[in-house]
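**Q** Pasting coords-v6.txt here (compact mmCIF, C-alpha atoms):
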# COMPACT_ATOMS: atom_id res chain seq x y z
CA MET A 1 17.92 -17.51 9.39
CA ASN A 2 18.58 -15.45 12.49
CA ILE A 3 15.70 -13.17 13.46
CA ASP A 4 15.78 -10.81 16.40
CA PRO A 5 13.01 -12.23 18.65
CA ARG A 6 11.96 -8.69 19.60
CA LEU A 7 10.59 -8.27 16.08
CA LEU A 8 8.03 -11.02 16.65
CA HIS A 9 6.47 -9.75 19.87
CA PRO A 10 4.06 -6.81 20.34
CA THR A 11 5.49 -3.65 21.83
CA ASN A 12 2.06 -2.81 23.32
CA LEU A 13 2.61 0.73 22.04
CA ASN A 14 1.04 0.52 18.61
CA SER A 15 -2.15 -1.53 18.50
CA GLN A 16 -4.87 1.09 19.03
CA PHE A 17 -5.74 4.61 17.93
CA HIS A 18 -6.82 7.04 20.65
CA ASN A 19 -5.97 10.45 19.14
CA ASN A 20 -9.30 11.57 17.71
CA SER A 21 -9.34 14.95 19.46
CA ILE A 22 -5.78 16.18 18.85
CA THR A 23 -4.46 18.34 16.02
CA PHE A 24 -2.74 16.64 13.14
CA ALA A 25 0.55 18.29 14.12
CA ASP A 26 0.24 16.74 17.59
CA TYR A 27 -0.65 13.40 16.02
CA ILE A 28 2.58 13.47 14.01
CA GLN A 29 4.59 14.40 17.09
CA GLN A 30 3.01 11.71 19.25
CA THR A 31 3.50 9.08 16.54
CA GLN A 32 7.17 9.97 16.22
CA GLY A 33 7.58 9.64 19.97
CA MET A 34 5.96 6.21 19.82
CA LEU A 35 8.26 5.16 16.97
CA LYS A 36 11.34 6.20 18.91
CA ASN A 37 10.24 4.03 21.84
CA ALA A 38 9.07 1.03 19.82
CA ARG A 39 11.67 0.65 17.06
CA ILE A 40 14.54 -1.64 17.98
CA ASP A 41 16.83 -0.42 15.20
CA ILE A 42 16.94 3.35 15.80
CA THR A 43 20.38 4.87 16.23
CA PRO A 44 21.52 8.50 16.14
CA THR A 45 22.78 7.83 12.60
CA ASN A 46 19.60 6.41 11.07
CA GLN A 47 16.91 8.06 13.20
CA ASP A 48 16.00 10.76 10.69
CA ASN A 49 15.59 8.27 7.84
CA ILE A 50 13.47 5.90 9.92
CA LEU A 51 11.19 8.62 11.27
CA THR A 52 10.76 10.26 7.87
CA ALA A 53 9.78 6.97 6.23
CA ASN A 54 7.40 5.75 8.92
CA SER A 55 5.82 8.92 10.31
CA PRO A 56 2.61 10.53 9.13
CA TYR A 57 3.22 13.73 7.19
CA ASN A 58 1.41 16.92 6.28
CA TRP A 59 2.71 18.76 3.24
CA ILE A 60 1.22 22.17 2.44
CA PRO A 61 1.90 24.00 -0.84
CA SER A 62 2.72 27.69 -0.90
CA PRO A 63 2.00 30.50 -1.20
CA HIS A 64 -1.77 30.33 -1.70
CA LYS A 65 -4.37 28.58 0.45
CA PRO A 66 -5.13 25.21 -1.17
CA LYS A 67 -8.69 24.30 -2.05
CA ARG A 68 -7.91 20.62 -2.52
CA GLY A 69 -6.34 17.98 -0.35
CA ILE A 70 -5.63 14.28 -0.48
CA LEU A 71 -5.34 11.73 2.31
CA LEU A 72 -2.83 9.00 1.49
CA ILE A 73 -3.09 5.50 3.02
CA HIS A 74 -0.30 2.94 2.83
CA GLY A 75 -0.63 -0.81 2.46
CA LEU A 76 -0.38 -3.81 4.75
CA TYR A 77 3.08 -4.35 6.32
CA ASP A 78 4.04 -1.01 4.77
CA SER A 79 4.55 2.63 5.81
CA PRO A 80 3.71 6.17 4.64
CA PHE A 81 6.94 6.06 2.60
CA SER A 82 5.13 4.04 -0.09
CA MET A 83 2.89 7.00 -0.99
CA MET A 84 5.52 9.73 -0.98
CA ASP A 85 6.31 9.73 -4.70
CA LEU A 86 2.65 10.34 -5.58
CA GLY A 87 2.37 12.81 -2.71
CA LYS A 88 5.31 14.90 -3.93
CA HIS A 89 3.73 15.20 -7.35
CA LEU A 90 0.32 16.23 -6.02
CA LEU A 91 1.97 18.72 -3.68
CA SER A 92 3.56 20.34 -6.74
CA GLN A 93 0.08 20.53 -8.26
CA GLY A 94 -1.28 22.53 -5.31
CA PHE A 95 -2.76 19.80 -3.09
CA ILE A 96 -2.41 19.57 0.65
CA VAL A 97 -0.95 16.09 1.05
CA ARG A 98 -1.61 14.32 4.32
CA SER A 99 -0.72 10.74 5.26
CA ILE A 100 -1.40 8.53 8.25
CA LEU A 101 0.34 5.55 9.87
CA LEU A 102 -1.98 2.58 10.27
CA PRO A 103 -1.87 1.07 13.79
CA GLY A 104 0.41 -1.95 14.02
CA HIS A 105 2.76 -0.58 11.36
CA GLY A 106 6.08 1.21 11.42
CA THR A 107 7.40 -0.43 14.60
CA VAL A 108 7.88 -4.23 14.71
CA PRO A 109 5.93 -6.96 12.85
CA GLY A 110 4.76 -8.34 16.20
CA ASP A 111 2.52 -5.29 16.60
CA LEU A 112 0.21 -6.80 13.98
CA LEU A 113 -0.40 -10.01 15.93
CA ASN A 114 -3.36 -8.57 17.83
CA ILE A 115 -4.41 -5.72 15.55
CA LYS A 116 -8.08 -5.20 14.66
CA ARG A 117 -9.20 -3.71 11.37
CA ASN A 118 -11.43 -1.22 13.21
CA GLU A 119 -8.28 0.52 14.44
CA TRP A 120 -7.27 1.12 10.83
CA ILE A 121 -10.72 2.52 10.08
CA LYS A 122 -10.49 4.84 13.10
CA VAL A 123 -7.26 6.49 11.96
CA VAL A 124 -8.57 6.86 8.40
CA ASP A 125 -11.67 8.59 9.79
CA TYR A 126 -9.45 10.86 11.87
CA GLY A 127 -7.16 11.77 8.99
CA PHE A 128 -10.11 12.47 6.72
CA ALA A 129 -11.90 14.63 9.28
CA SER A 130 -8.74 16.63 10.02
CA LEU A 131 -8.18 17.35 6.33
CA GLN A 132 -11.84 18.05 5.62
CA GLN A 133 -11.66 21.04 7.95
CA GLU A 134 -8.99 22.68 5.76
CA VAL A 135 -10.01 22.10 2.14
CA GLU A 136 -13.10 22.38 -0.03
CA GLN A 137 -12.46 19.22 -2.02
CA ILE A 138 -10.94 16.08 -0.55
CA PHE A 139 -9.52 13.05 -2.32
CA ILE A 140 -8.22 9.78 -0.92
CA GLY A 141 -5.29 7.81 -2.32
CA GLY A 142 -4.46 4.29 -1.24
CA PHE A 143 -2.12 1.43 -2.03
CA SER A 144 -3.23 -2.19 -1.58
CA LEU A 145 -4.87 -2.35 1.89
CA GLY A 146 -4.87 1.45 1.78
CA GLY A 147 -6.95 1.24 -1.39
CA THR A 148 -9.50 -0.95 0.37
CA LEU A 149 -9.64 1.49 3.28
CA ALA A 150 -10.10 4.36 0.82
CA LEU A 151 -13.04 2.57 -0.80
CA HIS A 152 -14.50 1.74 2.62
CA LYS A 153 -14.31 5.41 3.61
CA ALA A 154 -15.75 6.70 0.33
CA ILE A 155 -18.77 4.40 0.60
CA ARG A 156 -19.54 5.82 4.04
CA HIS A 157 -18.77 9.44 3.09
CA PRO A 158 -19.92 10.23 -0.46
CA GLU A 159 -18.59 13.77 -0.19
CA VAL A 160 -15.20 12.35 -1.18
CA ARG A 161 -14.41 14.05 -4.49
CA GLY A 162 -12.46 11.16 -5.98
CA LEU A 163 -10.14 8.23 -5.34
CA ILE A 164 -6.65 7.36 -6.62
CA LEU A 165 -5.90 3.69 -5.97
CA PHE A 166 -2.87 1.50 -6.56
CA ALA A 167 -3.73 -2.22 -6.68
CA PRO A 168 -6.61 -1.97 -4.18
CA ALA A 169 -6.80 -5.15 -2.12
CA ILE A 170 -10.46 -5.86 -2.84
CA LYS A 171 -9.88 -9.54 -3.72
CA LEU A 172 -6.78 -11.37 -2.52
CA TRP A 173 -4.99 -14.55 -3.49
CA ARG A 174 -4.14 -15.74 0.03
CA CYS A 175 -7.38 -15.22 1.93
CA ARG A 176 -7.99 -18.95 2.37
CA LEU A 177 -4.57 -19.27 3.97
CA ALA A 178 -5.28 -16.26 6.20
CA TYR A 179 -8.61 -17.71 7.35
CA LEU A 180 -6.99 -21.08 8.04
CA GLY A 181 -4.27 -19.46 10.11
CA GLN A 182 -6.81 -17.47 12.09
CA SER A 183 -8.91 -20.58 12.74
CA LEU A 184 -6.01 -22.31 14.48
CA LYS A 185 -5.79 -19.89 17.41
CA LEU A 186 -5.44 -22.61 20.05
CA ILE A 187 -2.60 -24.27 18.16
CA ASN A 188 -1.04 -20.86 17.66
CA TRP A 189 -1.10 -20.37 21.43
CA LEU A 190 0.66 -23.69 21.93
CA PHE A 191 3.07 -23.15 19.03
CA PRO A 192 3.70 -19.39 18.63
CA ASN A 193 5.68 -19.82 15.42
CA LEU A 194 2.48 -20.89 13.67
CA LYS A 195 1.19 -17.32 14.00
CA TRP A 196 3.43 -16.44 11.07
CA TYR A 197 3.26 -17.50 7.46
CA ARG A 198 6.61 -15.86 6.74
CA ARG A 199 9.42 -14.89 9.08
CA ASN A 200 12.38 -13.04 7.62
CA SER A 201 15.17 -10.95 9.01
CA GLN A 202 14.36 -7.25 8.83
CA LYS A 203 16.42 -5.52 6.13
CA SER A 204 14.11 -2.69 5.07
CA TYR A 205 13.42 0.21 7.40
CA THR A 206 10.25 1.19 5.49
CA LYS A 207 8.18 -2.02 5.66
CA TYR A 208 7.89 -5.33 7.46
CA GLU A 209 9.41 -8.50 6.05
CA SER A 210 7.76 -10.94 8.46
CA PHE A 211 4.05 -11.55 7.94
CA CYS A 212 1.55 -12.83 10.49
CA PHE A 213 -1.76 -14.54 9.80
CA ASN A 214 -3.81 -12.11 11.88
CA ALA A 215 -2.89 -9.07 9.77
CA ALA A 216 -3.75 -10.90 6.55
CA PHE A 217 -7.00 -12.11 8.10
CA GLN A 218 -7.97 -8.57 9.11
CA GLY A 219 -7.20 -7.35 5.60
CA CYS A 220 -9.29 -10.11 4.02
CA LYS A 221 -12.19 -9.39 6.37
CA LEU A 222 -12.01 -5.71 5.50
CA ALA A 223 -12.03 -6.55 1.78
CA ARG A 224 -15.15 -8.71 2.24
CA GLU A 225 -16.90 -6.00 4.25
CA THR A 226 -16.02 -3.37 1.65
CA HIS A 227 -17.27 -5.55 -1.18
CA ALA A 228 -20.54 -6.14 0.68
CA LEU A 229 -20.95 -2.40 1.26
CA LEU A 230 -20.37 -1.75 -2.45
CA GLN A 231 -23.16 -4.15 -3.35
CA LYS A 232 -25.56 -2.18 -1.16
CA LYS A 233 -24.28 1.29 -1.96
CA PRO A 234 -22.23 1.58 -5.18
CA LEU A 235 -19.80 4.45 -5.43
CA LYS A 236 -20.87 7.41 -7.53
CA MET A 237 -17.70 9.50 -7.39
CA PRO A 238 -14.97 9.01 -10.01
CA LEU A 239 -11.92 6.92 -9.25
CA PHE A 240 -8.58 6.21 -10.86
CA ILE A 241 -7.14 2.72 -10.44
CA THR A 242 -3.82 1.34 -11.59
CA GLN A 243 -3.43 -2.43 -11.55
CA SER A 244 -1.07 -5.10 -12.85
CA THR A 245 -2.47 -8.28 -14.42
CA THR A 246 0.46 -10.22 -12.90
CA ASP A 247 -0.08 -8.99 -9.34
CA GLU A 248 0.94 -11.73 -6.86
CA THR A 249 -1.18 -10.33 -4.00
CA VAL A 250 -4.32 -8.81 -5.49
CA ILE A 251 -6.46 -10.78 -7.96
CA ALA A 252 -6.52 -8.48 -10.99
CA ASP A 253 -9.82 -9.89 -12.27
CA GLY A 254 -11.41 -8.86 -8.99
CA VAL A 255 -10.28 -5.27 -9.54
CA LEU A 256 -11.56 -5.37 -13.13
CA ASP A 257 -14.93 -6.66 -11.95
CA LEU A 258 -15.09 -3.93 -9.31
CA PHE A 259 -14.28 -1.22 -11.85
CA LYS A 260 -16.92 -2.43 -14.31
CA GLN A 261 -19.55 -2.20 -11.57
CA LEU A 262 -18.80 1.48 -10.96
CA PRO A 263 -20.64 3.52 -13.59
CA ASN A 264 -19.05 6.98 -13.36
CA PRO A 265 -17.95 7.86 -16.92
CA GLN A 266 -15.01 9.89 -15.60
CA SER A 267 -13.42 6.92 -13.84
CA ARG A 268 -10.26 5.43 -15.31
CA LEU A 269 -8.40 2.12 -14.99
CA LEU A 270 -4.76 1.95 -16.07
CA LEU A 271 -3.99 -1.72 -16.60
CA TYR A 272 -0.41 -2.95 -16.84
CA THR A 273 0.04 -6.22 -18.69
CA PRO A 274 2.95 -7.96 -20.44
CA GLN A 275 0.59 -8.89 -23.30
CA PRO A 276 -2.59 -7.07 -24.36
CA ILE A 277 -5.89 -8.50 -23.21
CA VAL A 278 -9.40 -7.99 -24.57
CA VAL A 279 -11.30 -5.19 -22.84
CA THR A 280 -14.49 -3.51 -24.01
CA ASP A 281 -14.80 -0.71 -21.46
CA PRO A 282 -13.47 2.51 -23.08
CA ARG A 283 -12.49 3.80 -19.63
CA ILE A 284 -9.77 1.12 -19.41
CA LYS A 285 -6.35 1.87 -20.89
CA GLN A 286 -3.62 -0.75 -21.22
CA ARG A 287 0.10 -0.16 -20.87
CA THR A 288 2.87 -2.70 -21.23
CA SER A 289 4.60 -4.12 -18.19
CA TYR A 290 7.28 -5.79 -20.31
CA PHE A 291 10.55 -3.85 -20.57
CA PRO A 292 13.11 -6.30 -21.98
CA GLU A 293 15.83 -3.66 -22.23
CA LYS A 294 15.64 -3.37 -18.43
CA ASN A 295 15.27 -7.13 -17.83
CA ILE A 296 11.72 -6.46 -16.58
CA LEU A 297 9.33 -9.31 -17.37
CA ASP A 298 6.18 -7.87 -15.78
CA PHE A 299 5.00 -5.85 -12.76
CA SER A 300 4.88 -7.00 -9.14
CA HIS A 301 2.28 -5.95 -6.59
CA THR A 302 4.76 -3.80 -4.69
CA CYS A 303 6.24 -1.81 -7.58
CA MET A 304 3.33 0.38 -8.59
CA PRO A 305 3.65 3.50 -6.39
CA PHE A 306 7.45 3.93 -6.62
CA ALA A 307 9.23 6.14 -9.14
CA PRO A 308 12.36 4.92 -10.96
CA ASP A 309 14.40 7.62 -9.18
CA ASN A 310 13.17 6.67 -5.70
CA TYR A 311 16.36 6.56 -3.65
CA TYR A 312 15.41 3.38 -1.81
CA TYR A 313 13.27 1.28 -4.17
CA GLY A 314 14.10 2.85 -7.55
CA ALA A 315 16.16 1.52 -10.45
CA GLN A 316 19.36 2.46 -8.64
CA GLY A 317 17.91 2.09 -5.16
CA VAL A 318 19.76 0.46 -2.30
CA TYR A 319 17.01 -2.10 -1.52
CA GLN A 320 16.83 -5.34 -3.49
CA ASP A 321 14.00 -7.79 -2.85
CA PHE A 322 15.14 -11.43 -2.86
CA ALA A 323 13.09 -12.42 0.19
CA HIS A 324 11.38 -15.19 -1.83
CA TYR A 325 14.65 -17.14 -1.83
CA GLN A 326 15.83 -18.90 1.32
CA HIS A 327 19.49 -18.80 0.35
CA ASN A 328 21.83 -16.45 -1.44
CA ILE A 329 21.19 -15.73 -5.10
CA PRO A 330 23.76 -17.25 -7.49
CA ILE A 331 25.88 -14.36 -8.65
CA ASP A 332 26.71 -16.04 -11.96
CA LYS A 333 23.12 -16.08 -13.17
CA LYS A 334 21.28 -13.35 -15.04
CA ILE A 335 18.73 -11.68 -12.78
CA TYR A 336 15.32 -10.63 -14.06
CA ASN A 337 12.86 -8.24 -12.42
CA GLY A 338 9.13 -8.72 -12.13
CA SER A 339 6.40 -10.47 -10.20
CA ILE A 340 7.20 -13.43 -7.98
CA SER A 341 4.93 -15.76 -9.89
CA LYS A 342 5.35 -19.51 -10.19
CA LYS A 343 6.02 -19.10 -13.90
CA ASN A 344 8.73 -16.47 -13.45
CA LEU A 345 10.42 -18.36 -10.63
CA SER A 346 10.45 -21.58 -12.63
CA LEU A 347 12.15 -19.96 -15.60
CA HIS A 348 14.41 -17.25 -14.18
CA THR A 349 16.36 -15.99 -11.21
CA MET A 350 14.05 -13.24 -10.03
CA GLN A 351 14.35 -10.00 -8.13
CA ARG A 352 10.94 -8.70 -7.17
CA LEU A 353 10.40 -5.47 -9.11
CA SER A 354 10.40 -2.60 -6.63
CA TYR A 355 9.59 0.39 -8.86
CA ASN A 356 7.32 1.35 -11.74
CA PRO A 357 9.34 2.10 -14.91
CA ASP A 358 6.22 3.75 -16.38
CA PHE A 359 5.72 6.01 -13.37
CA ASP A 360 5.92 9.33 -15.23
CA ASN A 361 3.30 8.24 -17.74
CA MET A 362 1.10 7.06 -14.87
CA LEU A 363 1.33 10.53 -13.31
CA GLU A 364 0.25 12.05 -16.63
CA GLU A 365 -2.77 9.76 -16.63
CA ILE A 366 -3.59 10.79 -13.06
CA ASP A 367 -3.28 14.47 -14.00
CA GLU A 368 -5.59 13.92 -16.98
CA PHE A 369 -8.10 12.22 -14.68
CA LEU A 370 -7.97 15.13 -12.24
CA ASN A 371 -8.25 17.68 -15.03
CA CYS A 372 -11.29 15.87 -16.34
CA ILE A 373 -13.18 16.08 -13.07
CA LEU A 374 -11.82 19.39 -11.76
CA GLY A 375 -10.80 21.37 -14.79
CA VAL A 376 -7.27 22.74 -14.92
CA PHE A 377 -6.01 22.40 -11.36
Take the structure from the file and write it as structure tokens.
**A**
Amino acid sequence: MNIDPRLLHPTNLNSQFHNNSITFADYIQQTQGMLKNARIDITPTNQDNILTANSPYNWIPSPHKPKRGILLIHGLYDSPFSMMDLGKHLLSQGFIVRSILLPGHGTVPGDLLNIKRNEWIKVVDYGFASLQQEVEQIFIGGFSLGGTLALHKAIRHPEVRGLILFAPAIKLWRCRLAYLGQSLKLINWLFPNLKWYRRNSQKSYTKYESFCFNAAFQGCKLARETHALLQKKPLKMPLFITQSTTDETVIADGVLDLFKQLPNPQSRLLLYTPQPIVVTDPRIKQRTSYFPEKNILDFSHTCMPFAPDNYYYGAQGVYQDFAHYQHNIPIDKKIYNGSISKKNLSLHTMQRLSYNPDFDNMLEEIDEFLNCILGVF
């Protein structure tokens, strides 16, 4: 597989956050300037799409002054694009919607080789502080790593009104691998290719498709730190979590255990599962992740925050995820959608599901959660 070597080396433009004192509008402008200099794929034709997907954004409803705002945090190897479908809905409900770009993201995968998790925490603190100056009630939404960062922030700042989390990366399947990769730093210096546990050509302009050990290690360390903080200082504010039992990245039982430890009666967990499981907590609602009429076997980690009509990852979207196969997919075989689990791969030709077919119902559940804690909003 041919990979542009520039993708695998740091640009030295995107590893630290130094913009604590600037306005959010200036932060967006500076980030876009950085993206233009660091991206290797920008052309006059695609520049608008690339900048829109990877830039922070600040959406303000009109005409009245909003009382509520939400800070949205994307996941590891991802971009602010992953939170746009939720953001558009909350904007229509009168929220200021503000997102950030985590350092190391949005440029080239090599920018994550030397990233430190404290840089992610810094930009979350900045985004939160900037929004807190403009609204009376502030929420945080996060996907995967963004969910962990949202929890980490809420523990330290209990004035957060509530959390909306998609598959928060509080317990991960591959942490042992990440720790092993990080422990072999000397070998990595001698053999640079060993810094990566997956190297793929870059097809998507909204997320990375090559994954380095350091980024996974930083995410696992953050998850451990967040879990330790929760043991010392449990969250009191309500939170809404949506999680798939067949998630290939996040251990669903870890999310269930976390939720059960958080006592707020207004919290909700929306659990997607191909077959019902036994739960005793009345705050947990189950929804099916099996849609045979759409050839969907179950839900992947990446599908949760994307609507079926998303132009890039939706049911008719242009992006198709077959990165788990080294060679071309046989065109004469029936293709199923779902998680990239050992079971699914052993039985079917799989496309990783890239959207949530139950997205509209999930939004209704989120609205009900918000109505419960805020009244009609």
**Q** Just to confirm, what's the straight-line distance from atom CA of A:Thr31 to atom CA of A:Trp59 in Å (one decimal)?
**A** 16.5 Å
**Q** Please indicate the distance in Å from atom CA of A:Asn20 to atom CA of A:Leu239, rounded to one decimal place.
**A** 27.5 Å
**Q** Of the candidates A:Thr242, A:Thr206, A:Ser92, A:Asn344, which one gets nearest to A:Leu256 if we count all atoms listed in the file?
**A** A:Thr242
**Q** How many Å lie between atom CA of A:Asp321 and atom CA of A:Gln351, rounded to one decimal?
**A** 5.7 Å
**Q** Find the residue from A:Phe95, A:Tyr336, A:Phe139, A:Phe166 that sits nearest to A:Leu297; use all atoms listed in the file when measuring.
**A**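 With all atoms listed in the file as the atom set, the closest residue is A:Tyr336.
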**Q** Scan for residues within 7 Å of the point (1.8, 10.2, 13.2) in the coordinates of the file, using all atoms listed in the file, and reply as a VMD selection string.
**A** chain A and resid 27 to 32 55 to 56 100 to 101
**Q** Between A:Lys116, A:Tyr208, A:Asp85, A:Cys220, which residue has the minimum interatomic distance to A:Asp309, considering only C-alpha atoms?
**A** A:Asp85
**Q** Determine the nearest neighbour of A:Ala323 from the options A:Arg198, A:Gln275, A:Gln266, A:Pro234, counting all atoms listed in the file.
**A**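 Closest residue, counting all atoms listed in the file: A:Arg198.
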**Q** Looking at A:His105, A:His227, A:Lys65, A:Lys203, which one is nearest to A:Leu151, with distances taken over all atoms listed in the file?
**A**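 Nearest candidate to A:Leu151 out of A:His105, A:His227, A:Lys65, A:Lys203: A:His227.
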